[in-house]
Amino acid sequence: MATAVDKGGLAPGEPISTARRNHTLRGSRLFRGSLLLLFAVLLSTVLSTPWSLNITQYQASPAPASVADPSEQWEDNIWPIREQTPWDISTDFPFPRKLEYDVTEGTWLRLDVNPKSGDIVFDILGDIYCLPASAYRKKQLASEVLTRAIPVLLGVPHDSDPHFSPEGDRLVFRSDAELGVENIWVKEWAGCEASDVRPAHVANDEGLADALALKDEEEELLANGVRETAERKRRRLLREGRIHAQRVTNETYRWVSDARFHPSGNKVIATKWYTSSRSLGAGEGWEYSVPDTKATSKAVKSGSGKRLVGRTLPAGWGPEDYGEQQVGPEQFIWKGDDTLIYSKNVKDINGEWTYSKDVHKGINSIFAVNLTSKETITLVNASPGGATRPELSRDGRTLAFVRRVRDKEALVLKDLETGTIRNIWHGLTYDLSIVSAPMGTYPSFAFTPEDDAIIVWAAGQIYHIPLSTNAFGERILGGEPKTIPFTAHLEKRLAETRSAKTDLKAVETADTQRVYAFQELRVDESGEKAVFQAAGGTYVQEVGGDTPHAKPVPVLRPNVPYHTPSFVPGASDLVIHARWSDVNFTTIELANLTSGAAYELTGLRLGRYYSPTLCACSGRGRQIAFIKTGGDFLTGDVVATAGAGLYIGELTLPSGSDTKDSTIAVRNIRLVPSEINTDDVLHTQLRFLDGNKRLLVQEPRRAFVIDLAAGPNETGKFAHTTVASGRMSEELVVPPSSSSLKGTTEAAIVDFFHVYYAPSVKADDAIWSKPANATKGLVRLSVDGGHSITWSGDGSKLFWFLGPWLHHVDISQLSVCSKAAQQDTNTFGISCTKKLPKFQEVFVEYPSDIARLKREAAAFAAEKYGEEGRPHADFLVIANATLLTMETGDLKSDVLRDAVLVTRNGEIEAIVGVHDAVIPYGATVLDAEGGFVVPGFIDVHAHWNTGGTYPGSSWELEAFLAYGVTTLHNSSGDTALAFAERFRVERGQIVGSRIFQTGVVIYGAGEPALHQDIVDLEEAKSALLRIKVEGGPSSFSYKNYNLPSRASRQRLLLAARNLSMLCVPEGGMNYDWDITYIVDAGMTTVEHSLPIPVLYDDVLTLFASSGTGSTPTHLVNYGGVMGEQFIWANEDIPNDPKLRRFSRHDTLDLVAESTARPLNSYQVFNTSISTAQLVRRGLKAHIGAHGELPLGYNYHSEMFFTKSGGLSNYEVLRAATSDAAITLGIDNSVGSLTPGKLADFVVYPPGVDLLEGDISGTKDIRLVARGGRVWDASTLTEVWPVPGWRELLPPLNAE
């Protein structure tokens, strides 16, 4: 969902910060942002504020001639980074399935009425149909006889927004034909019957009869991958109705909607949608010339058109900020030759689009701008109820629009001569001004040719609203509104649903597991050894040697996390790194790789320290530098938060004979004022230069040198000199030998996920990899991507990781590819350079959790039962239970009373009756006392802080587990960090749920840390490989996040087939894109609800038949106020004792006070009704709580919302367990209580009736087990096999 922070932290639709200027969130913060800020943003939509009571009215005011339009000073020349290559969504992607069905209702039907004939055109599910004017003649309306809707545009392209020319002889429409980006097209119009592409009797004009006769055969050829010939293409276009259609616009990244003809008929006004760093669109009014449909089609220049109405900027914003304005005008219509009427969100006045606004106070106003005088006036105020979807009568006197009136949606008329406003009908469906709605805040509607009626969609039907005039000439309701009954035969080609199976059990029951994601890479002086962090441990790898297994760095405490290692310059057998404790925070250690000795550095105050480094000074006396950071979300903001910055100290290295003392004192520690960004140090590297005279600081977008020898100036500051910079880089490093501060330097960057080398750059020449704007001499080094770049100490080699593959290249060899790089302005010589890097696979293994469980169970049994108990120590028995197995999908079969659940070695061994159970000696027995036992819950759409700077425990993961969620699927996270966190859970460093994730989202909007264009199949493959290799067998999904080109989305689906990956796309409030996700049914799910809460038979049948699943995330529902606000208002979150045990108290206290909102503001309940209807038709729905705080607790809130639509408790629990496992392809291992599966289960106390009781009882959990390990759910104190053990958490709260 576009969240103002997609709570992983964002709301649905946006994974990034909404900060306006040049602010990039990295790592896990990308998906949580500041949760305190998030809560403030969300609460601002609930709590009244002095400025929220009145909407500013923008009255007529000619713009001063001296004030320049900011849009005229802004160039849209950054995004996309690369242009699309040729693709046709209809022929380059297979659609082997065919779905045909009839409907008498439809969802969100946008329509127009022919100004001459009165025929109605409307879109339904991406196709366009026509109803003849006779369908709403009085006699026909009275008869209630269904009129056949005539198909006029069909096929794979998604077509919508049909509108007639003033003479009714042409039709413009929106279509994603060819490249898959929505553009405006035009075709001739000769009437409904003449435009019928499925006529009962075919005259064979232009060969339609032949085209229809060959339809099935030719569609089968395409589905089987047989390239389309020119003649087959002609026949396809003919039977689709687009044989003579011509382009009006040619956008390849931005998209265009809702075109309306100018009265002259030779041009249109349309809404062009701009994304910013957020992926929701801001509209602008653009004018386009309409080609002569009778002439030969001519190519339309990409991006052509003329901006007529741009976005306005908040006070203090300049033209450089224009691209980040998230709100703009939309829904343009002409009034006369030079006036435009449009609607605009006037609630979000600070440049940031927000969720959960108050529809009753109003969101959109309607304006008119005269293009000659530049004068803008307000036609209709937003307050009360808003004013959106303006439509004008044929004579130009009556403005019709929609607005909320109490619990109804009204059709409103305003007489533009008298100013009179009337709510003439209250039967409309709720508008969607509360969401970002490129599909329109309400479906377009139209006046009939004589202005005697309005034809409008509402509640699944097309209505005829009769009009008459009063004594003043004002239009009023002229009779009873009636439906125009129709039937439409729908035909859709569907792709195969993307599915894959993961043998989770084989991975987790093995004695060892493997780390695939590495970070914090550093290399010694000669490039012969590398050191790095591997999931909470530090390891050394010989470069190019015969030893594939990395060796652990010697440490003082082997069972705690270590990180941020580096070699000691001049002594490559010494490694300095940091030990982490959730109680004592950072301790720096020095390790001798040769002797195995380890030393603790003393003298540091309690604090969080990062990137310790020693100088290359002679002798044993050395200087040390390190960064101290303040508090953070995971380790807390209440202890040791002061004094963040750069610190310098002195120490003496131990001698080779000094083996008794394991401590090293650090002396003379002092703060050095610096420009280091201590809020984001994960990709910051420090290195001393010239002994200890200077310090090189390498941050993601700037490398600079601090002159330590010169000392501070009179203000106490040290001289900082920039040596290199990156424009959008996520990592930047320069070789120490090149950091002379004179002239130019070599540099390497990670830019848009690839590794690049720049042979010579000036400090102020920001390195960039955008074709045609790229840094001179730039060379691409990575084939599929890379991260954690670093130089060897002598600057001769560059290193990086991609998954477990350590790469390095000798820089001196790159000159052979300089010519190729100069000639290749798109991929910068990769065809040459790909042969140069050397790579090796790195192996780091650790005992699996189940291996540890076996060992710990044996120790427990031996202590309790003696040695004779060891043979059966690995048995855990849950006796006297009511099992809800979720194994068959049938309630009666799945309930087993008086049952015994037997687990062994982390797996379910058997299920037997109480009277049949034989308990072996040494087994541990837990009495369920008749309580329910269900499979562990699966959160299909979870978010949290995936890892972070310090490898500590996670109160967030504990909270999930304490509420019974044993498996998490994070649908957006830092790829390497999140998989490293999974490995840390499995190796026992963190207590929490089992983790799966999509990695970094494949993001369409303008955020450098996330943006990917996917311009060809090679890029699609690389994008997925970058995710796959970091997780190994645990990586099986990716997330398309509002990629604007359907071609890009299809390329990813094709690549996913070869990599056995699932696609879980972002719903993102774009109804039209959501429908293509379902049609291109390679999409495994649609994440978040469709933005239209009430769905009708067209969408319900398509969705349920497609095989695509749904994760509606009611807590962050579209179409109304978010569901979480209902929870805040109705439950005592801040004072819940369990929540206060497992959460930061500030996150709870921020929702202590909320304002009640009427139930009709919560469209979440309509969404839940639609979800229930889909489930009853066979769709698999899932529970996904979106990381909404409070974590864990809100998983059960999501189950409450899912139940509220009419599902039974059993169906909700099925969505939370077996259906989720089936969709994720892990049902062979989890999701049901079945012998042979992993022992994930939740035990309830007696008295909690999961099947017939209140669904809120699901959160009253007694025990939770993951992989056979059992915890007390109220405290997460371990029950078995290590009774009484409890993980320590950092000090999160000030009480």
# chains A, B, ... in the order shown; residues from 1 in each chain; ligands from 1
>>> residues_around(residues="range 691-695 of chain A", least_positions_apart="5", cutoff="6 Å", atoms="only C-alpha atoms", output="list in words")
Cys615, Ala616, Cys617, Val705, Ile706, Asp707, Leu708 and Ala709 of chain A
>>> write_last_selection(atoms="N, CA and C atoms", output="PDB file, in the first residue's frame")
ATOM      1  N   CYS A 615      45.143   2.597  13.063  1.00  0.00           N
ATOM      2  CA  CYS A 615      46.030   3.218  12.089  1.00  0.00           C
ATOM      3  C   CYS A 615      47.168   2.262  11.717  1.00  0.00           C
ATOM      4  N   ALA A 616      47.797   2.549  10.575  1.00  0.00           N
ATOM      5  CA  ALA A 616      48.950   1.774  10.126  1.00  0.00           C
ATOM      6  C   ALA A 616      50.216   2.427  10.647  1.00  0.00           C
ATOM      7  N   CYS A 617      50.276   2.590  11.931  1.00  0.00           N
ATOM      8  CA  CYS A 617      51.420   3.261  12.553  1.00  0.00           C
ATOM      9  C   CYS A 617      52.518   2.233  12.859  1.00  0.00           C
ATOM     10  N   VAL A 705      37.941  13.317   3.704  1.00  0.00           N
ATOM     11  CA  VAL A 705      39.090  13.128   4.573  1.00  0.00           C
ATOM     12  C   VAL A 705      39.061  14.172   5.675  1.00  0.00           C
ATOM     13  N   ILE A 706      39.262  13.723   6.900  1.00  0.00           N
ATOM     14  CA  ILE A 706      39.354  14.623   8.049  1.00  0.00           C
ATOM     15  C   ILE A 706      40.830  14.798   8.396  1.00  0.00           C
ATOM     16  N   ASP A 707      41.260  16.029   8.448  1.00  0.00           N
ATOM     17  CA  ASP A 707      42.664  16.320   8.751  1.00  0.00           C
ATOM     18  C   ASP A 707      42.851  16.320  10.270  1.00  0.00           C
ATOM     19  N   LEU A 708      43.323  15.203  10.787  1.00  0.00           N
ATOM     20  CA  LEU A 708      43.518  15.084  12.231  1.00  0.00           C
ATOM     21  C   LEU A 708      44.797  15.787  12.677  1.00  0.00           C
ATOM     22  N   ALA A 709      45.827  15.730  11.837  1.00  0.00           N
ATOM     23  CA  ALA A 709      47.120  16.298  12.215  1.00  0.00           C
ATOM     24  C   ALA A 709      47.037  17.806  12.409  1.00  0.00           C
TER      25      ALA A 709
END
>>> residues_around(residues="range 845-855 of chain A", least_positions_apart="6", cutoff="6 Å", atoms="only C-alpha atoms", output="list in words")
Thr509, Asp511, Thr512, Gln513, Arg514, Asp874, Gly906, Glu986 and Arg987 of chain A
>>> write_last_selection(atoms="all heavy atoms", output="JSON list (two decimals), in the first residue's frame")
[["chain", "number", "residue", "atom", "x", "y", "z"],
["A", 509, "THR", "N", 15.41, -29.37, 9.28],
["A", 509, "THR", "CA", 15.69, -30.56, 10.08],
["A", 509, "THR", "C", 17.12, -31.07, 9.87],
["A", 509, "THR", "O", 17.53, -32.03, 10.53],
["A", 509, "THR", "CB", 14.70, -31.69, 9.76],
["A", 509, "THR", "OG1", 14.76, -31.98, 8.35],
["A", 509, "THR", "CG2", 13.29, -31.30, 10.15],
["A", 511, "ASP", "N", 21.16, -31.10, 10.25],
["A", 511, "ASP", "CA", 21.96, -30.80, 11.44],
["A", 511, "ASP", "C", 22.59, -29.42, 11.36],
["A", 511, "ASP", "O", 22.83, -28.77, 12.39],
["A", 511, "ASP", "CB", 23.05, -31.86, 11.62],
["A", 511, "ASP", "CG", 22.48, -33.19, 12.11],
["A", 511, "ASP", "OD1", 21.38, -33.18, 12.71],
["A", 511, "ASP", "OD2", 23.12, -34.22, 11.86],
["A", 512, "THR", "N", 22.92, -29.00, 10.15],
["A", 512, "THR", "CA", 23.51, -27.67, 9.97],
["A", 512, "THR", "C", 22.73, -26.89, 8.92],
["A", 512, "THR", "O", 22.08, -27.47, 8.04],
["A", 512, "THR", "CB", 24.98, -27.75, 9.54],
["A", 512, "THR", "OG1", 25.06, -28.43, 8.28],
["A", 512, "THR", "CG2", 25.81, -28.47, 10.58],
["A", 513, "GLN", "N", 22.82, -25.60, 9.05],
["A", 513, "GLN", "CA", 22.28, -24.71, 8.02],
["A", 513, "GLN", "C", 23.39, -23.78, 7.57],
["A", 513, "GLN", "O", 24.44, -23.66, 8.22],
["A", 513, "GLN", "CB", 21.08, -23.91, 8.55],
["A", 513, "GLN", "CG", 19.85, -24.77, 8.81],
["A", 513, "GLN", "CD", 18.62, -23.93, 9.06],
["A", 513, "GLN", "OE1", 18.50, -22.82, 8.58],
["A", 513, "GLN", "NE2", 17.68, -24.49, 9.82],
["A", 514, "ARG", "N", 23.14, -23.12, 6.48],
["A", 514, "ARG", "CA", 24.18, -22.33, 5.85],
["A", 514, "ARG", "C", 23.77, -20.87, 5.75],
["A", 514, "ARG", "O", 22.61, -20.56, 5.48],
["A", 514, "ARG", "CB", 24.46, -22.88, 4.46],
["A", 514, "ARG", "CG", 25.60, -22.19, 3.73],
["A", 514, "ARG", "CD", 25.83, -22.80, 2.36],
["A", 514, "ARG", "NE", 26.70, -21.95, 1.58],
["A", 514, "ARG", "CZ", 26.89, -22.08, 0.28],
["A", 514, "ARG", "NH1", 26.25, -23.03, -0.39],
["A", 514, "ARG", "NH2", 27.70, -21.25, -0.37],
["A", 874, "ASP", "N", 13.85, -36.81, 22.91],
["A", 874, "ASP", "CA", 13.40, -35.91, 21.85],
["A", 874, "ASP", "C", 11.90, -35.98, 21.61],
["A", 874, "ASP", "O", 11.39, -35.34, 20.68],
["A", 874, "ASP", "CB", 14.16, -36.20, 20.55],
["A", 874, "ASP", "CG", 14.20, -37.68, 20.21],
["A", 874, "ASP", "OD1", 13.54, -38.48, 20.92],
["A", 874, "ASP", "OD2", 14.90, -38.04, 19.24],
["A", 906, "GLY", "N", 11.56, -31.94, 16.57],
["A", 906, "GLY", "CA", 11.04, -30.78, 15.88],
["A", 906, "GLY", "C", 9.98, -31.05, 14.84],
["A", 906, "GLY", "O", 9.48, -30.13, 14.20],
["A", 986, "GLU", "N", 17.61, -18.87, 13.21],
["A", 986, "GLU", "CA", 17.83, -20.31, 13.13],
["A", 986, "GLU", "C", 19.07, -20.73, 13.92],
["A", 986, "GLU", "O", 19.13, -21.86, 14.42],
["A", 986, "GLU", "CB", 17.96, -20.73, 11.67],
["A", 986, "GLU", "CG", 16.70, -20.51, 10.84],
["A", 986, "GLU", "CD", 15.50, -21.27, 11.38],
["A", 986, "GLU", "OE1", 15.68, -22.41, 11.84],
["A", 986, "GLU", "OE2", 14.40, -20.71, 11.39],
["A", 987, "ARG", "N", 20.07, -19.86, 14.04],
["A", 987, "ARG", "CA", 21.26, -20.26, 14.78],
["A", 987, "ARG", "C", 21.14, -19.95, 16.26],
["A", 987, "ARG", "O", 22.06, -20.20, 17.03],
["A", 987, "ARG", "CB", 22.50, -19.58, 14.18],
["A", 987, "ARG", "CG", 22.71, -18.13, 14.53],
["A", 987, "ARG", "CD", 23.88, -17.52, 13.73],
["A", 987, "ARG", "NE", 25.13, -18.20, 13.97],
["A", 987, "ARG", "CZ", 26.26, -17.91, 13.31],
["A", 987, "ARG", "NH1", 26.27, -16.96, 12.38],
["A", 987, "ARG", "NH2", 27.37, -18.56, 13.58]]
>>> select_by_dssp(residues="range 957-1187 of chain A", states="strand (DSSP E or B)", output="PyMOL selection string")
chain A and resi 965-970+994-997+1002-1003+1011+1037-1038+1040-1041+1062-1063+1066+1085-1087+1109-1111+1181
>>> atom_distance(atom1="CA of Tyr1038 in chain A", atom2="CA of Arg1026 in chain A")
10.4 Å
>>> closest_residue(among="A:Arg234, A:Arg1141, A:Lys335, A:Arg498", to="Phe261 in chain A", atoms="only C-alpha atoms")
A:Lys335
>>> residues_around(residues="range 622-632 of chain A", least_positions_apart="6", cutoff="8 Å", atoms="only C-alpha atoms", output="MDAnalysis selection string")
chainID A and resid 607:616 638:653 678:679 686 692
>>> write_last_selection(atoms="N, CA, C and O atoms", output="compact mmCIF listing (two decimals), in the first residue's frame")
# COMPACT_ATOMS: atom_id res chain seq x y z
N GLY A 607 27.90 2.12 25.47
CA GLY A 607 27.42 2.78 24.26
C GLY A 607 27.38 1.84 23.08
O GLY A 607 27.77 0.66 23.15
N ARG A 608 26.90 2.37 21.96
CA ARG A 608 26.79 1.65 20.70
C ARG A 608 27.90 2.15 19.79
O ARG A 608 27.88 3.31 19.38
N TYR A 609 28.84 1.27 19.44
CA TYR A 609 30.02 1.66 18.67
C TYR A 609 30.09 0.87 17.37
O TYR A 609 29.74 -0.32 17.33
N TYR A 610 30.59 1.55 16.35
CA TYR A 610 30.60 0.93 15.02
C TYR A 610 31.88 1.29 14.29
O TYR A 610 32.46 2.35 14.48
N SER A 611 32.29 0.38 13.41
CA SER A 611 33.40 0.56 12.47
C SER A 611 34.71 0.93 13.17
O SER A 611 35.38 1.90 12.80
N PRO A 612 35.15 0.15 14.16
CA PRO A 612 36.45 0.44 14.77
C PRO A 612 37.57 0.17 13.77
O PRO A 612 37.54 -0.81 13.03
N THR A 613 38.56 1.03 13.77
CA THR A 613 39.69 0.85 12.86
C THR A 613 40.95 1.37 13.53
O THR A 613 40.91 2.30 14.35
N LEU A 614 42.07 0.75 13.20
CA LEU A 614 43.36 1.15 13.76
C LEU A 614 44.24 1.75 12.66
O LEU A 614 44.10 1.40 11.48
N CYS A 615 45.14 2.60 13.06
CA CYS A 615 46.03 3.22 12.09
C CYS A 615 47.17 2.26 11.72
O CYS A 615 47.47 1.31 12.44
N ALA A 616 47.80 2.55 10.58
CA ALA A 616 48.95 1.77 10.13
C ALA A 616 50.22 2.43 10.65
O ALA A 616 51.12 2.79 9.88
N VAL A 638 16.62 5.00 25.30
CA VAL A 638 16.57 5.51 26.67
C VAL A 638 17.88 5.35 27.43
O VAL A 638 18.06 5.96 28.47
N VAL A 639 18.82 4.57 26.92
CA VAL A 639 20.08 4.33 27.63
C VAL A 639 21.25 4.62 26.68
O VAL A 639 21.24 4.18 25.52
N ALA A 640 22.23 5.35 27.16
CA ALA A 640 23.50 5.60 26.46
C ALA A 640 23.25 6.18 25.07
O ALA A 640 23.82 5.73 24.08
N THR A 641 22.44 7.22 25.01
CA THR A 641 22.11 7.81 23.71
C THR A 641 22.90 9.08 23.41
O THR A 641 22.88 9.55 22.27
N ALA A 642 23.57 9.65 24.37
CA ALA A 642 24.25 10.94 24.17
C ALA A 642 25.63 10.74 23.55
O ALA A 642 26.23 9.67 23.61
N GLY A 643 26.13 11.82 22.96
CA GLY A 643 27.51 11.86 22.49
C GLY A 643 27.78 11.14 21.21
O GLY A 643 28.90 10.65 20.98
N ALA A 644 26.80 11.05 20.32
CA ALA A 644 27.03 10.39 19.04
C ALA A 644 28.08 11.15 18.24
O ALA A 644 28.13 12.38 18.26
N GLY A 645 28.93 10.41 17.54
CA GLY A 645 29.93 11.05 16.72
C GLY A 645 31.16 10.19 16.54
O GLY A 645 31.18 8.99 16.86
N LEU A 646 32.24 10.82 16.03
CA LEU A 646 33.51 10.15 15.78
C LEU A 646 34.41 10.28 17.01
O LEU A 646 34.56 11.37 17.57
N TYR A 647 35.04 9.17 17.39
CA TYR A 647 35.93 9.17 18.54
C TYR A 647 37.30 8.62 18.13
O TYR A 647 37.42 7.73 17.27
N ILE A 648 38.31 9.19 18.77
CA ILE A 648 39.69 8.77 18.57
C ILE A 648 40.29 8.42 19.93
O ILE A 648 39.98 9.05 20.95
N GLY A 649 41.15 7.42 19.96
CA GLY A 649 41.84 7.05 21.19
C GLY A 649 43.17 6.39 20.87
O GLY A 649 43.54 6.23 19.70
N GLU A 650 43.90 6.00 21.90
CA GLU A 650 45.18 5.32 21.73
C GLU A 650 45.16 3.99 22.48
O GLU A 650 44.48 3.84 23.48
N LEU A 651 45.93 3.04 21.92
CA LEU A 651 46.09 1.75 22.59
C LEU A 651 47.45 1.18 22.21
O LEU A 651 48.12 1.65 21.29
N THR A 652 47.82 0.13 22.93
CA THR A 652 49.06 -0.58 22.63
C THR A 652 48.72 -2.02 22.27
O THR A 652 48.04 -2.72 23.04
N LEU A 653 49.17 -2.44 21.10
CA LEU A 653 48.90 -3.81 20.66
C LEU A 653 49.63 -4.79 21.56
O LEU A 653 50.76 -4.51 22.02
N THR A 678 25.73 9.86 11.77
CA THR A 678 25.67 8.75 12.73
C THR A 678 24.33 8.05 12.75
O THR A 678 24.17 7.04 13.45
N ASP A 679 23.36 8.57 12.02
CA ASP A 679 22.05 7.90 11.96
C ASP A 679 22.05 6.74 10.98
O ASP A 679 21.12 5.93 10.97
N LEU A 686 35.75 3.49 7.74
CA LEU A 686 36.79 4.40 8.20
C LEU A 686 38.16 3.80 7.89
O LEU A 686 38.33 2.58 7.93
N ASN A 692 48.60 8.22 11.15
CA ASN A 692 47.38 8.64 11.85
C ASN A 692 47.08 10.12 11.61
O ASN A 692 46.36 10.75 12.38
>>> closest_residue(among="A:Glu240, A:Glu525, A:Glu714, A:Glu600", to="Asp661 in chain A", atoms="only C-alpha atoms")
A:Glu600
>>> atom_distance(atom1="CA of Gln461 in chain A", atom2="CA of Lys1180 in chain A")
27.3 Å
>>> atom_distance(atom1="CA of Pro951 in chain A", atom2="CA of Pro558 in chain A")
14.3 Å
>>> select_by_dssp(residues="range 808-850 of chain A", states="alpha helix (DSSP H)", output="list in words")
Ser818, Lys819, Ala820, Ala821, Gln822, Gln823, Ile830, Ser831, Cys832, Thr833, Asp849 and Ile850 of chain A
>>> residues_around(residues="Val734 in chain A", least_positions_apart="5", cutoff="8 Å", atoms="only C-alpha atoms", output="VMD selection string")
chain A and resid 698 703 724 739 745 to 748 791
>>> write_last_selection(atoms="N, CA and C atoms", output="mmCIF file, in the first residue's frame")
data_model
loop_
_atom_site.group_PDB
_atom_site.id
_atom_site.type_symbol
_atom_site.label_atom_id
_atom_site.label_comp_id
_atom_site.auth_asym_id
_atom_site.auth_seq_id
_atom_site.Cartn_x
_atom_site.Cartn_y
_atom_site.Cartn_z
ATOM 1 N N GLN A 698 34.178 6.989 4.383
ATOM 2 C CA GLN A 698 33.477 6.617 3.155
ATOM 3 C C GLN A 698 32.014 6.325 3.484
ATOM 4 N N ALA A 703 32.712 10.506 0.059
ATOM 5 C CA ALA A 703 33.953 10.110 0.705
ATOM 6 C C ALA A 703 34.725 11.385 1.014
ATOM 7 N N ALA A 724 35.358 12.337 -3.198
ATOM 8 C CA ALA A 724 34.480 11.757 -4.217
ATOM 9 C C ALA A 724 33.057 11.808 -3.698
ATOM 10 N N SER A 739 43.584 8.761 -2.325
ATOM 11 C CA SER A 739 42.932 9.822 -1.559
ATOM 12 C C SER A 739 43.924 10.921 -1.201
ATOM 13 N N THR A 745 40.416 11.183 -8.314
ATOM 14 C CA THR A 745 40.611 9.913 -7.617
ATOM 15 C C THR A 745 39.859 8.813 -8.339
ATOM 16 N N GLU A 746 40.299 7.592 -8.148
ATOM 17 C CA GLU A 746 39.492 6.443 -8.535
ATOM 18 C C GLU A 746 38.365 6.296 -7.517
ATOM 19 N N ALA A 747 37.305 5.640 -7.913
ATOM 20 C CA ALA A 747 36.215 5.385 -6.970
ATOM 21 C C ALA A 747 35.375 4.227 -7.483
ATOM 22 N N ALA A 748 34.665 3.623 -6.576
ATOM 23 C CA ALA A 748 33.702 2.572 -6.926
ATOM 24 C C ALA A 748 32.412 2.858 -6.189
ATOM 25 N N TRP A 791 37.874 -1.882 -0.919
ATOM 26 C CA TRP A 791 39.162 -1.973 -1.598
ATOM 27 C C TRP A 791 40.147 -2.778 -0.750
#
>>> closest_residue(among="A:Arg1057, A:Arg1286, A:Lys770, A:Arg242", to="Pro1008 in chain A", atoms="only C-alpha atoms")
A:Lys770
>>> residues_around(residues="range 311-322 of chain A", least_positions_apart="5", cutoff="7 Å", atoms="only C-alpha atoms", output="PyMOL selection string")
chain A and resi 21+70-71+73-74+284+328-329+349-351
>>> write_last_selection(atoms="N, CA and C atoms", output="PDB file, in the first residue's frame")
ATOM      1  N   ARG A  21      12.915  16.404   0.766  1.00  0.00           N
ATOM      2  CA  ARG A  21      14.110  16.756   0.021  1.00  0.00           C
ATOM      3  C   ARG A  21      15.261  15.790   0.255  1.00  0.00           C
ATOM      4  N   PRO A  70       6.481  26.947 -11.337  1.00  0.00           N
ATOM      5  CA  PRO A  70       7.610  26.070 -10.978  1.00  0.00           C
ATOM      6  C   PRO A  70       7.771  24.904 -11.944  1.00  0.00           C
ATOM      7  N   SER A  71       6.684  24.467 -12.569  1.00  0.00           N
ATOM      8  CA  SER A  71       6.796  23.336 -13.496  1.00  0.00           C
ATOM      9  C   SER A  71       7.622  23.696 -14.715  1.00  0.00           C
ATOM     10  N   GLN A  73      10.267  25.405 -14.681  1.00  0.00           N
ATOM     11  CA  GLN A  73      11.682  25.392 -14.323  1.00  0.00           C
ATOM     12  C   GLN A  73      12.157  24.007 -13.905  1.00  0.00           C
ATOM     13  N   TRP A  74      11.272  23.036 -14.005  1.00  0.00           N
ATOM     14  CA  TRP A  74      11.591  21.670 -13.595  1.00  0.00           C
ATOM     15  C   TRP A  74      11.670  20.777 -14.818  1.00  0.00           C
ATOM     16  N   GLU A 284      -1.474  15.928 -13.343  1.00  0.00           N
ATOM     17  CA  GLU A 284      -1.323  17.201 -14.033  1.00  0.00           C
ATOM     18  C   GLU A 284      -2.212  17.168 -15.266  1.00  0.00           C
ATOM     19  N   GLY A 328      -1.754  16.588  -6.959  1.00  0.00           N
ATOM     20  CA  GLY A 328      -1.939  17.441  -8.121  1.00  0.00           C
ATOM     21  C   GLY A 328      -3.365  17.394  -8.629  1.00  0.00           C
ATOM     22  N   PRO A 329      -3.676  18.214  -9.633  1.00  0.00           N
ATOM     23  CA  PRO A 329      -5.032  18.254 -10.193  1.00  0.00           C
ATOM     24  C   PRO A 329      -5.314  17.023 -11.050  1.00  0.00           C
ATOM     25  N   ILE A 349      -1.926  19.663   2.033  1.00  0.00           N
ATOM     26  CA  ILE A 349      -1.403  20.936   1.532  1.00  0.00           C
ATOM     27  C   ILE A 349       0.093  21.085   1.736  1.00  0.00           C
ATOM     28  N   ASN A 350       0.740  20.062   2.290  1.00  0.00           N
ATOM     29  CA  ASN A 350       2.171  20.175   2.575  1.00  0.00           C
ATOM     30  C   ASN A 350       3.032  19.367   1.608  1.00  0.00           C
ATOM     31  N   GLY A 351       2.450  19.000   0.479  1.00  0.00           N
ATOM     32  CA  GLY A 351       3.216  18.269  -0.517  1.00  0.00           C
ATOM     33  C   GLY A 351       3.255  16.780  -0.318  1.00  0.00           C
TER      34      GLY A 351
END
>>> residues_around(residues="range 572-583 of chain A", least_positions_apart="3", cutoff="6 Å", atoms="only C-alpha atoms", output="list in words")
Asp524, Pro561, Tyr562, His563, Thr564, Pro565, Ser566, Phe567, Val568, Thr586, Thr587, Ile588, Glu589, Leu590, Ala591, Asn592, Leu593, Gly952, Leu1289 and Pro1290 of chain A
>>> closest_atom_pairs(of="range 271-297 of chain A", to="range 423-439 of chain A", cutoff="10 Å", atoms="only C-alpha atoms", output="CSV")
residue,atom,partner,partner_atom,distance
A:Thr271,CA,A:Pro438,CA,8.7
A:Lys272,CA,A:Pro438,CA,9.4
A:Trp273,CA,A:Pro438,CA,7.6
A:Leu280,CA,A:Ser436,CA,6.5
A:Gly281,CA,A:Pro438,CA,7.1
A:Ala282,CA,A:Ser436,CA,8.3
A:Gly283,CA,A:Pro438,CA,8.3
